[in-house]
Amino acid sequence: MDSHPDHLSDENTDQNRLVESANQHRIVVLVIGSLFVAFVLVSLAMTLYNSSGAAQLDLSRPEYQSVVDGIEHKTDLDKYPSSGAVSKKALKDFEDLYQKRTESIIKLDAFGGDTLSDEALGLPKID
Amino acid sequence: MKNIPKHTMDFLSGKILSKYSLKALTTLSLVAALFVIGSSAGALRILTEKQIEDIASSCQSAQVELNSLHNGDALMRANLGQQYESILNDLIVPFNSRLANNDIDNSQLIKLSGDYRKALDSLREAYSQYERVTRSTMEMNCKEQPVEFYESVEEVRKSRSKLHKRVGTLNYYLKLYYKDFKAIKSDWEAKNG
């Protein structure tokens, strides 16, 4: 009654051999498995890093070493308090702070100018 | 059916279409083709052999210039981005809250803050695009591909100009916010002496 067809019994034997072999080489299987998982996770992380735009803003990359020192880490900037009454002084304080902080960046013509002209890049002038 | 004019009936039944459609379609296709050719000719620049040679001989120094500009821009982006974000988080948002806590109508300022935030996101996006285009231009084998290099430089110019416009938009919102703040301030002073 319990007899299995021959092909099923062969399959079971193959599976048993595979399990046995995996048991014998547990460490190798563990190392290969770990490497595979690490590879998948790193690939996922790199894809996200590049597609999210973080790569373009990351100044810790080796090619930016020369400019990293120029970054201004302003941690002592005044913060306007969100609580409190509205008074003449409170409005004046905000106005002074706002003007002080916005004036310089509005005046700065960031990413403007003719820095990419043919002359500036040393390329032949092409009309 | 009696009220439908004969021409419309002819058109619907395919008589006019069969008579005039071939001519009309041919003319339309020609106009469309001319338009497409014209617009692509405007986009493509035709370079002479001499210009291509000149580009190939001077492109490596252009790549060095581009690299130094790229580094300067990365620094500017970092410092400028920090300042724009700080103005929003340290000044604008707390001030809006303070007005709201004191039951002062600040709906216009809140709308402007939202617009400013969106403009800041657009600036980030524009910078990412600019950085990507610039990097690929710097890494290009320009001696082998002078024409592609020059086209890529033009792309860099376009992305930088877009970036410049995004900065202009942010500055515009900063000015507008100040203008609206002044209006709220004078309104408050008129009511409270």
# chains A, B, ... in the order shown; residues from 1 in each chain; ligands from 1

$ interface_residues --of "chain A" --to "chain B" --cutoff "7 Å" --atoms "only C-alpha atoms" --output "PDB file with N, CA, C and O atoms, in the first residue's frame"
ATOM      1  N   GLY A  53      18.273  61.829  -6.664  1.00  0.00           N
ATOM      2  CA  GLY A  53      18.918  63.139  -6.818  1.00  0.00           C
ATOM      3  C   GLY A  53      19.919  63.392  -5.697  1.00  0.00           C
ATOM      4  O   GLY A  53      20.613  64.395  -5.690  1.00  0.00           O
ATOM      5  N   GLN A  56      23.512  63.880  -6.792  1.00  0.00           N
ATOM      6  CA  GLN A  56      23.890  65.177  -7.369  1.00  0.00           C
ATOM      7  C   GLN A  56      24.160  66.228  -6.284  1.00  0.00           C
ATOM      8  O   GLN A  56      24.777  67.236  -6.538  1.00  0.00           O
ATOM      9  N   TYR A  64      34.625  66.199  -4.902  1.00  0.00           N
ATOM     10  CA  TYR A  64      34.294  67.487  -4.291  1.00  0.00           C
ATOM     11  C   TYR A  64      35.196  67.826  -3.101  1.00  0.00           C
ATOM     12  O   TYR A  64      34.938  68.796  -2.398  1.00  0.00           O
ATOM     13  N   VAL A  67      36.276  71.385  -2.568  1.00  0.00           N
ATOM     14  CA  VAL A  67      35.321  72.465  -2.294  1.00  0.00           C
ATOM     15  C   VAL A  67      34.581  72.295  -0.961  1.00  0.00           C
ATOM     16  O   VAL A  67      33.911  73.217  -0.507  1.00  0.00           O
ATOM     17  N   GLY A  70      34.689  74.905   1.715  1.00  0.00           N
ATOM     18  CA  GLY A  70      34.016  76.180   1.456  1.00  0.00           C
ATOM     19  C   GLY A  70      32.568  76.221   1.918  1.00  0.00           C
ATOM     20  O   GLY A  70      31.924  77.265   1.884  1.00  0.00           O
ATOM     21  N   ILE A  71      32.046  75.091   2.364  1.00  0.00           N
ATOM     22  CA  ILE A  71      30.635  75.060   2.790  1.00  0.00           C
ATOM     23  C   ILE A  71      30.481  75.789   4.126  1.00  0.00           C
ATOM     24  O   ILE A  71      31.239  75.550   5.068  1.00  0.00           O
ATOM     25  N   GLU A  72      29.518  76.677   4.157  1.00  0.00           N
ATOM     26  CA  GLU A  72      29.290  77.437   5.397  1.00  0.00           C
ATOM     27  C   GLU A  72      28.305  76.662   6.257  1.00  0.00           C
ATOM     28  O   GLU A  72      27.166  76.456   5.862  1.00  0.00           O
ATOM     29  N   LYS A  79      16.486  82.277  14.849  1.00  0.00           N
ATOM     30  CA  LYS A  79      15.213  81.666  14.489  1.00  0.00           C
ATOM     31  C   LYS A  79      14.112  82.538  15.079  1.00  0.00           C
ATOM     32  O   LYS A  79      14.182  82.910  16.258  1.00  0.00           O
ATOM     33  N   TYR A  80      13.129  82.851  14.274  1.00  0.00           N
ATOM     34  CA  TYR A  80      12.046  83.698  14.770  1.00  0.00           C
ATOM     35  C   TYR A  80      11.095  82.855  15.624  1.00  0.00           C
ATOM     36  O   TYR A  80      10.662  81.777  15.183  1.00  0.00           O
ATOM     37  N   PRO A  81      10.759  83.314  16.836  1.00  0.00           N
ATOM     38  CA  PRO A  81       9.875  82.499  17.691  1.00  0.00           C
ATOM     39  C   PRO A  81       8.443  82.411  17.151  1.00  0.00           C
ATOM     40  O   PRO A  81       7.871  83.431  16.763  1.00  0.00           O
ATOM     41  N   SER A  82       7.908  81.200  17.145  1.00  0.00           N
ATOM     42  CA  SER A  82       6.555  81.027  16.580  1.00  0.00           C
ATOM     43  C   SER A  82       5.469  81.338  17.604  1.00  0.00           C
ATOM     44  O   SER A  82       4.298  81.472  17.251  1.00  0.00           O
ATOM     45  N   SER A  83       5.850  81.435  18.878  1.00  0.00           N
ATOM     46  CA  SER A  83       4.828  81.749  19.896  1.00  0.00           C
ATOM     47  C   SER A  83       5.046  83.156  20.435  1.00  0.00           C
ATOM     48  O   SER A  83       6.111  83.742  20.258  1.00  0.00           O
ATOM     49  N   GLY A  84       4.034  83.674  21.062  1.00  0.00           N
ATOM     50  CA  GLY A  84       4.111  85.023  21.623  1.00  0.00           C
ATOM     51  C   GLY A  84       3.122  85.946  20.953  1.00  0.00           C
ATOM     52  O   GLY A  84       2.567  85.615  19.890  1.00  0.00           O
ATOM     53  N   ALA A  85       2.910  87.085  21.592  1.00  0.00           N
ATOM     54  CA  ALA A  85       1.922  88.030  21.059  1.00  0.00           C
ATOM     55  C   ALA A  85       2.501  88.762  19.854  1.00  0.00           C
ATOM     56  O   ALA A  85       3.720  88.812  19.666  1.00  0.00           O
ATOM     57  N   VAL A  86       1.603  89.337  19.059  1.00  0.00           N
ATOM     58  CA  VAL A  86       2.062  90.178  17.949  1.00  0.00           C
ATOM     59  C   VAL A  86       2.094  91.618  18.459  1.00  0.00           C
ATOM     60  O   VAL A  86       1.079  92.141  18.923  1.00  0.00           O
ATOM     61  N   LEU A  91       6.913  92.597  15.238  1.00  0.00           N
ATOM     62  CA  LEU A  91       6.887  92.805  13.784  1.00  0.00           C
ATOM     63  C   LEU A  91       8.202  93.405  13.292  1.00  0.00           C
ATOM     64  O   LEU A  91       8.721  93.034  12.242  1.00  0.00           O
ATOM     65  N   ILE A 106      19.287  87.781  -2.504  1.00  0.00           N
ATOM     66  CA  ILE A 106      18.562  88.374  -3.635  1.00  0.00           C
ATOM     67  C   ILE A 106      19.549  89.130  -4.539  1.00  0.00           C
ATOM     68  O   ILE A 106      19.458  89.080  -5.759  1.00  0.00           O
ATOM     69  N   ALA A 110      22.892  84.289  -8.625  1.00  0.00           N
ATOM     70  CA  ALA A 110      23.371  82.901  -8.634  1.00  0.00           C
ATOM     71  C   ALA A 110      23.088  82.188  -9.957  1.00  0.00           C
ATOM     72  O   ALA A 110      21.981  82.288 -10.482  1.00  0.00           O
ATOM     73  N   PHE A 111      24.069  81.494 -10.453  1.00  0.00           N
ATOM     74  CA  PHE A 111      24.011  80.708 -11.692  1.00  0.00           C
ATOM     75  C   PHE A 111      23.732  81.578 -12.933  1.00  0.00           C
ATOM     76  O   PHE A 111      23.308  81.083 -13.957  1.00  0.00           O
ATOM     77  N   GLY A 112      23.972  82.855 -12.784  1.00  0.00           N
ATOM     78  CA  GLY A 112      23.762  83.754 -13.927  1.00  0.00           C
ATOM     79  C   GLY A 112      25.090  84.026 -14.613  1.00  0.00           C
ATOM     80  O   GLY A 112      26.061  83.281 -14.453  1.00  0.00           O
ATOM     81  N   LEU A 116      29.448  80.330 -19.368  1.00  0.00           N
ATOM     82  CA  LEU A 116      29.501  79.179 -20.271  1.00  0.00           C
ATOM     83  C   LEU A 116      29.596  79.581 -21.744  1.00  0.00           C
ATOM     84  O   LEU A 116      29.333  78.765 -22.624  1.00  0.00           O
ATOM     85  N   LEU A 121      34.817  79.389 -22.185  1.00  0.00           N
ATOM     86  CA  LEU A 121      35.256  77.984 -22.167  1.00  0.00           C
ATOM     87  C   LEU A 121      36.469  77.748 -23.071  1.00  0.00           C
ATOM     88  O   LEU A 121      36.992  76.643 -23.138  1.00  0.00           O
ATOM     89  N   GLY A 122      36.861  78.794 -23.780  1.00  0.00           N
ATOM     90  CA  GLY A 122      38.011  78.659 -24.672  1.00  0.00           C
ATOM     91  C   GLY A 122      37.698  77.898 -25.953  1.00  0.00           C
ATOM     92  O   GLY A 122      38.582  77.309 -26.572  1.00  0.00           O
ATOM     93  N   LEU A 123      36.425  77.891 -26.326  1.00  0.00           N
ATOM     94  CA  LEU A 123      36.026  77.212 -27.566  1.00  0.00           C
ATOM     95  C   LEU A 123      35.974  78.219 -28.711  1.00  0.00           C
ATOM     96  O   LEU A 123      35.825  79.422 -28.460  1.00  0.00           O
ATOM     97  N   PRO A 124      36.089  77.766 -29.964  1.00  0.00           N
ATOM     98  CA  PRO A 124      35.982  78.719 -31.081  1.00  0.00           C
ATOM     99  C   PRO A 124      34.593  79.358 -31.095  1.00  0.00           C
ATOM    100  O   PRO A 124      33.613  78.688 -30.761  1.00  0.00           O
TER     101      PRO A 124
END

$ atom_distance --atom1 "atom CA of Asp114 of chain A" --atom2 "atom CA of Met138 of chain B"
18.5 Å

$ atom_distance --atom1 "atom CA of Ser60 of chain A" --atom2 "atom CA of Gly81 of chain B"
16.1 Å
